[in-house]
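Undergrad: Input query.cif, format and content: mmCIF, C-alpha atoms and all ligand atoms.
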data_start
loop_
_atom_site.label_atom_id
_atom_site.label_comp_id
_atom_site.auth_asym_id
_atom_site.auth_seq_id
_atom_site.Cartn_x
_atom_site.Cartn_y
_atom_site.Cartn_z
CA MET Q 5 124.28 54.71 109.64
CA LEU Q 6 120.72 53.65 110.40
CA ASN Q 7 120.27 51.39 113.42
CA ILE Q 8 118.07 48.27 113.28
CA PRO Q 9 114.72 49.85 114.41
CA ASN Q 10 115.26 52.71 111.95
CA LYS Q 11 116.03 50.27 109.16
CA ILE Q 12 112.83 48.36 109.95
CA GLY Q 13 110.92 51.69 110.02
CA ALA Q 14 112.35 52.72 106.67
CA LEU Q 15 111.50 49.34 105.12
CA TYR Q 16 107.96 49.50 106.52
CA ASN Q 17 107.62 52.96 104.98
CA ILE Q 18 108.71 51.80 101.55
CA LEU Q 19 106.32 48.85 101.66
CA LEU Q 20 103.39 50.96 102.93
CA ASN Q 21 103.95 53.62 100.25
CA SER Q 22 104.26 51.08 97.46
CA TYR Q 23 101.18 49.18 98.63
CA LEU Q 24 99.02 52.33 98.84
CA ASP Q 25 100.21 53.57 95.46
CA ILE Q 26 99.35 50.21 93.90
CA ILE Q 27 95.82 50.17 95.29
CA LEU Q 28 95.05 53.91 94.98
CA VAL Q 29 97.01 55.56 92.18
CA ARG Q 30 96.68 54.45 88.59
CA ASN Q 31 99.40 56.62 87.05
CA LEU Q 32 102.59 57.60 88.79
CA ASN Q 33 105.11 59.71 86.90
CA ASP Q 34 108.38 61.31 87.87
CA HIS Q 35 107.10 63.91 90.34
CA THR Q 36 110.30 65.85 90.66
CA LYS Q 37 110.70 66.53 86.94
CA ILE Q 38 107.08 67.46 86.38
CA PHE Q 39 106.68 69.77 89.37
CA LYS Q 40 109.98 71.52 88.76
CA SER Q 41 109.39 72.13 85.08
CA GLU Q 42 106.36 74.41 85.37
CA ASN Q 43 106.48 76.44 88.54
CA LYS Q 44 109.23 78.38 90.26
CA ASN Q 45 107.43 79.19 93.51
CA HIS Q 46 107.37 75.72 94.97
CA ALA Q 47 109.10 75.22 98.25
CA SER Q 48 109.13 71.50 97.60
CA CYS Q 49 108.29 69.43 94.58
CA GLN Q 50 107.71 66.01 96.00
CA SER Q 51 104.65 63.93 96.50
CA ILE Q 52 103.63 63.29 100.08
CA ASN Q 53 104.78 60.18 101.85
CA TYR Q 54 101.70 58.28 103.11
CA SER Q 55 103.30 57.70 106.52
CA LEU Q 56 103.63 61.46 106.99
CA LEU Q 57 100.04 61.96 105.88
CA ILE Q 58 98.76 59.28 108.27
CA GLU Q 59 100.79 60.79 111.12
CA SER Q 60 99.49 64.31 110.34
CA LEU Q 61 95.88 63.11 110.24
CA LYS Q 62 96.11 62.18 113.93
CA TYR Q 63 96.18 65.87 114.83
CA PHE Q 64 92.91 67.06 113.31
CA ASP Q 65 89.46 65.64 112.85
CA ILE Q 66 89.17 64.98 109.16
CA LYS Q 67 86.56 62.24 109.58
CA ASN Q 68 83.83 64.73 110.34
CA ALA Q 69 84.89 67.37 107.83
CA ASP Q 70 82.16 68.10 105.29
CA ASN Q 71 84.45 69.60 102.67
CA VAL Q 72 88.09 68.90 102.14
CA VAL Q 73 90.38 70.62 99.65
CA ASP Q 74 93.90 69.59 98.76
CA VAL Q 75 95.80 72.69 97.66
CA GLY Q 76 98.23 71.49 95.02
CA SER Q 77 96.91 67.97 94.63
CA GLY Q 78 99.72 66.74 92.36
CA PHE Q 79 98.90 63.26 91.09
CA GLY Q 80 96.15 62.91 93.68
CA ARG Q 81 97.82 60.95 96.49
CA ILE Q 82 96.15 62.93 99.30
CA VAL Q 83 92.66 63.15 97.81
CA LEU Q 84 92.69 59.48 96.80
CA PHE Q 85 93.86 58.40 100.24
CA LEU Q 86 91.23 60.52 102.06
CA LYS Q 87 88.44 59.27 99.84
CA TRP Q 88 89.51 55.66 100.31
CA LYS Q 89 90.06 55.89 104.08
CA TYR Q 90 87.18 58.18 105.17
CA GLY Q 91 84.81 58.28 102.21
CA ILE Q 92 84.46 62.07 102.54
CA SER Q 93 81.79 63.06 100.05
CA ASN Q 94 82.94 66.53 99.09
CA ILE Q 95 86.59 66.40 98.18
CA THR Q 96 88.42 68.66 95.73
CA GLY Q 97 91.97 69.06 94.50
CA TYR Q 98 93.36 72.30 93.05
CA GLU Q 99 96.30 71.72 90.74
CA ILE Q 100 97.80 74.31 88.41
CA ASN Q 101 100.53 72.16 86.93
CA LYS Q 102 99.00 71.03 83.64
CA THR Q 103 100.76 67.68 83.47
CA ALA Q 104 100.05 66.77 87.09
CA ASN Q 105 96.45 67.95 86.66
CA LYS Q 106 95.94 65.66 83.67
CA VAL Q 107 97.43 62.68 85.47
CA SER Q 108 95.39 63.29 88.62
CA ARG Q 109 92.16 63.63 86.65
CA LYS Q 110 92.83 60.17 85.25
CA ASN Q 111 93.74 58.83 88.70
CA CYS Q 112 90.56 60.25 90.25
CA GLN Q 113 88.16 59.43 87.44
CA GLY Q 114 84.95 57.78 88.66
CA LYS Q 115 85.94 58.13 92.32
CA GLY Q 116 83.81 61.15 93.24
CA ILE Q 117 86.77 63.51 93.53
CA LYS Q 118 86.79 66.92 91.80
CA ILE Q 119 90.08 68.08 90.30
CA LEU Q 120 90.22 71.76 89.30
CA ASP Q 121 92.92 73.44 87.25
CA GLU Q 122 92.52 76.70 89.16
CA ASP Q 123 95.08 78.66 91.09
CA ILE Q 124 94.05 78.64 94.77
CA LEU Q 125 94.94 82.34 94.87
CA ASP Q 126 92.04 83.04 92.50
CA SER Q 127 89.59 81.31 94.75
CA LYS Q 128 87.97 82.62 97.95
CA LEU Q 129 88.50 80.25 100.84
CA THR Q 130 85.31 78.92 102.33
CA HIS Q 131 84.10 76.49 105.02
CA CYS Q 132 86.53 73.72 104.25
CA VAL Q 133 89.54 71.97 105.64
CA TYR Q 134 92.41 72.90 103.30
CA ILE Q 135 95.33 70.51 103.26
CA LEU Q 136 98.60 71.91 101.96
CA PHE Q 137 101.60 69.66 101.53
CA ASN Q 138 103.96 72.58 101.17
CA PRO Q 139 102.73 73.65 97.72
CA PHE Q 140 104.45 77.04 97.66
CA ASN Q 141 106.85 79.36 99.40
CA GLY Q 142 106.13 81.82 102.22
CA LEU Q 143 105.38 84.73 99.87
CA ILE Q 144 102.53 82.91 98.16
CA LEU Q 145 101.22 81.69 101.50
CA GLU Q 146 101.22 85.27 102.73
CA GLU Q 147 99.29 86.37 99.63
CA LEU Q 148 96.72 83.59 100.15
CA LEU Q 149 96.16 84.59 103.79
CA TYR Q 150 96.03 88.29 102.95
CA LYS Q 151 93.45 87.77 100.19
CA ASN Q 152 91.24 85.88 102.62
CA LYS Q 153 91.81 88.03 105.66
CA GLU Q 154 88.12 88.97 106.03
CA ILE Q 155 86.91 85.40 105.95
CA THR Q 156 86.52 83.03 108.90
CA GLY Q 157 85.36 79.46 109.38
CA PHE Q 158 88.04 77.58 107.49
CA LYS Q 159 90.99 75.51 108.58
CA LEU Q 160 94.41 75.25 106.98
CA VAL Q 161 96.51 72.21 107.66
CA PHE Q 162 100.01 72.86 106.40
CA ILE Q 163 102.13 69.73 106.30
CA ASN Q 164 105.93 70.00 106.05
CA ALA Q 165 106.07 73.68 106.96
CA TYR Q 166 109.43 75.44 106.81
CA GLU Q 167 110.42 78.30 109.08
CA GLU Q 168 109.34 80.82 106.40
CA HIS Q 169 105.79 79.42 106.48
CA ILE Q 170 105.61 79.38 110.26
CA ALA Q 171 106.77 83.03 110.32
CA VAL Q 172 103.97 83.95 107.88
CA PHE Q 173 101.32 82.20 109.98
CA LYS Q 174 102.58 83.94 113.08
CA LYS Q 175 102.48 87.41 111.60
CA SER Q 176 99.16 86.97 109.76
CA LYS Q 177 96.94 87.14 112.80
CA TYR Q 178 93.74 88.03 111.03
CA LYS Q 179 90.39 87.70 112.79
CA ASP Q 180 90.26 84.98 115.43
CA LEU Q 181 93.11 83.01 114.01
CA GLN Q 182 94.38 80.20 116.18
CA ILE Q 183 97.52 78.44 115.15
CA HIS Q 184 99.09 75.29 116.44
CA VAL Q 185 102.60 74.45 115.33
CA LEU Q 186 103.58 70.85 115.88
CA HIS Q 187 107.26 70.12 115.58
CA ASN Q 188 109.09 66.97 114.67
CA LEU Q 189 105.89 65.31 113.75
CA TYR Q 190 107.49 62.59 111.75
CA LYS Q 191 110.35 61.27 113.80
CA GLY Q 192 110.75 58.00 111.89
CA ILE Q 193 112.78 59.45 109.05
CA GLU Q 194 113.27 63.19 109.44
CA GLY Q 195 111.68 66.01 111.45
CA LYS Q 196 108.67 67.57 109.73
CA LYS Q 197 106.49 70.39 110.98
CA LEU Q 198 102.74 70.63 110.83
CA VAL Q 199 100.80 73.88 111.23
CA ILE Q 200 97.09 73.84 111.90
CA ALA Q 201 95.60 77.30 111.46
CA GLU Q 202 91.93 77.87 112.24
CA TYR Q 203 90.20 81.00 111.03
C1 LIG L 1 104.66 69.45 96.69
S1 LIG L 1 103.50 69.17 95.40
C2 LIG L 1 102.34 68.18 96.31
C3 LIG L 1 101.48 67.28 95.46
C4 LIG L 1 100.46 66.44 96.21
N1 LIG L 1 99.74 67.17 97.24
C5 LIG L 1 101.09 65.20 96.78
O1 LIG L 1 101.43 65.22 97.95
O2 LIG L 1 101.24 64.22 96.06
C6 LIG L 1 102.73 70.78 95.34
C7 LIG L 1 101.75 70.98 94.20
O3 LIG L 1 101.11 72.24 94.40
C8 LIG L 1 100.79 72.78 93.14
N2 LIG L 1 100.56 74.23 93.29
C9 LIG L 1 101.50 75.18 93.55
N3 LIG L 1 100.94 76.38 93.65
C10 LIG L 1 99.59 76.21 93.46
C11 LIG L 1 98.48 77.12 93.44
N4 LIG L 1 98.65 78.41 93.63
N5 LIG L 1 97.24 76.61 93.22
C12 LIG L 1 97.07 75.27 93.01
N6 LIG L 1 98.10 74.37 93.00
C13 LIG L 1 99.34 74.83 93.23
C14 LIG L 1 102.03 72.43 92.30
O4 LIG L 1 101.77 72.47 90.93
C15 LIG L 1 102.39 71.03 92.83
O5 LIG L 1 101.84 70.04 92.03
#
Show this structure as structure tokens.
Ligand SMILES: C[S@@+](CC[C@H](N)C(=O)[O-])C[C@H]1O[C@@H](n2cnc3c(N)ncnc32)[C@H](O)[C@@H]1O

TA:
Amino acid sequence: MLNIPNKIGALYNILLNSYLDIILVRNLNDHTKIFKSENKNHASCQSINYSLLIESLKYFDIKNADNVVDVGSGFGRIVLFLKWKYGISNITGYEINKTANKVSRKNCQGKGIKILDEDILDSKLTHCVYILFNPFNGLILEELLYKNKEITGFKLVFINAYEEHIAVFKKSKYKDLQIHVLHNLYKGIEGKKLVIAEY
């Protein structure tokens, strides 16, 4: 049973999420059905909770980032929030799920956000901050890091990391990789882990 402060926290969360969706997102569909239907390699198929995003943003300096990429941008919650809050000029979402891609293009239309329908594995990582709200399992993460093992100067911020992801980061010590694993980031509702990996 939730105690009173937790109940208030949960209510605040619901209100904050609904408010931000109303002002930022034009089209919201059933995330779970859409994400599950097209791709088997997802470790999770939800859309990020804004409270978790806001909490995660305290741990890295997104305000001064020149280029930000959301890997697996879904319906656009993260890119829309970052554009609205920080006005970052160069912001891109990669989304391979056709339905989610179509919805997010509509959501981001006219807002200066690029939405690509490319697989991040087909793209070389570059000088950007990459935000990943657990788009895929450890195997795909390993492939992404391996494919980019010669490249430096980018940052991966992996929100809601599972043990399998943390193990991949730890063993993929390419170049001057520095990793910071932050545990129980989001105490309000359930423990979430954030990994910040700098190459
Ligand atoms: C957990 S959802 C997160 C959606 C969004 N970031 C949000 O929080 O609302 C993960 C998304 O990653 C996408 N995805 C998975 N693998 C991908 C890949 N290799 N390249 C681009 N997008 C990918 C999925 O289609 C899915 O929409």

Undergrad: List every residue of chain Q that has an atom at most 7 Å from any atom of ligand LIG 1 (chain L), and for each one report the closest atom pair and its distance in Å to one decimal, counting all atoms listed in the file, with rows sorted by chain and then by increasing residue number, as a tab-separated table.

TA:
residue	atom	partner	partner_atom	distance
Q:Phe39	CA	L:LIG1	O5	5.5
Q:Asn43	CA	L:LIG1	O4	6.6
Q:His46	CA	L:LIG1	C9	6.1
Q:Ser48	CA	L:LIG1	C1	5.0
Q:Cys49	CA	L:LIG1	C1	4.2
Q:Gln50	CA	L:LIG1	C1	4.6
Q:Ser51	CA	L:LIG1	O2	3.5
Q:Ile52	CA	L:LIG1	O1	3.6
Q:Asp74	CA	L:LIG1	N1	6.5
Q:Val75	CA	L:LIG1	N6	5.5
Q:Gly76	CA	L:LIG1	O3	3.0
Q:Ser77	CA	L:LIG1	N1	3.9
Q:Gly78	CA	L:LIG1	C3	3.6
Q:Phe79	CA	L:LIG1	O2	5.6
Q:Gly80	CA	L:LIG1	O2	5.8
Q:Arg81	CA	L:LIG1	O2	4.8
Q:Ile82	CA	L:LIG1	O1	5.9
Q:Tyr98	CA	L:LIG1	C12	4.8
Q:Glu99	CA	L:LIG1	N6	3.9
Q:Ile100	CA	L:LIG1	N6	4.6
Q:Asn101	CA	L:LIG1	O4	4.2
Q:Ala104	CA	L:LIG1	O5	6.2
Q:Glu122	CA	L:LIG1	C12	6.1
Q:Asp123	CA	L:LIG1	N5	3.7
Q:Ile124	CA	L:LIG1	N5	4.1
Q:Leu125	CA	L:LIG1	N4	5.5
Q:Leu136	CA	L:LIG1	N1	6.8
Q:Phe137	CA	L:LIG1	N1	5.3
Q:Asn138	CA	L:LIG1	C1	5.5
Q:Pro139	CA	L:LIG1	C6	3.7
Q:Phe140	CA	L:LIG1	N3	5.4

Undergrad: Using all atoms listed in the file, can you tell me which of Q:Leu143, Q:Ala14, Q:Val29, Q:Ile95 comes closest to Ile66 in chain Q?

TA: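 That would be Q:Ile95, the residue with the smallest distance to Ile66 in chain Q.
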
Undergrad: From the set Q:Glu167, Q:Asp121, Q:Asp126, Q:Glu154, which residue has the shortest atom-to-atom contact distance to Val107 in chain Q, counting all atoms listed in the file?

TA: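 Under the stated criterion, the closest residue is Q:Asp121.
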
Undergrad: From the options Q:Thr103, Q:Ser93, Q:Asn21, Q:Gln182, which residue's atoms come nearest to Asn53 in chain Q, counting all atoms listed in the file?

TA: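 Closest candidate: Q:Asn21.
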
Undergrad: At a cut-off of 7 Å, using all atoms listed in the file, what residues contact Phe162 in chain Q? Leave out same-chain residues fewer than 2 positions from it and give the result as a list in words.

TA: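 That gives Ile135, Leu136, Phe137, Asn138, Leu160, Asn164, Ala165, Leu198, Val199 and Ile200 of chain Q.
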
Undergrad: Using CA of Ser127 in chain Q and CA of Lys153 in chain Q as the two end points, give the distance in Å to one decimal.

TA: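 For CA of Ser127 in chain Q relative to CA of Lys153 in chain Q, the distance reads 13.0 Å.
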
Undergrad: Kindly give the distance, in Å, that separates CA of Val161 in chain Q and CA of Cys112 in chain Q, rounded to a single decimal.

TA: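 So the two atoms, CA of Val161 in chain Q and CA of Cys112 in chain Q, lie 21.9 Å apart.
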
Undergrad: So the first atom is CA of Asn111 in chain Q and the second is CA of Asn71 in chain Q; what is the distance between them in Å, to one decimal place?

TA: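 About the pair CA of Asn111 in chain Q and CA of Asn71 in chain Q: they are 19.9 Å apart.
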
Undergrad: Please provide as a PyMOL selection string all residues within 12 Å of Tyr54 in chain Q, with the sequence filter that same-chain residues fewer than 5 positions apart are discarded (counting all atoms listed in the file).

TA: chain Q and resi 16-25+28+59-61+80-86+89+137+163+190
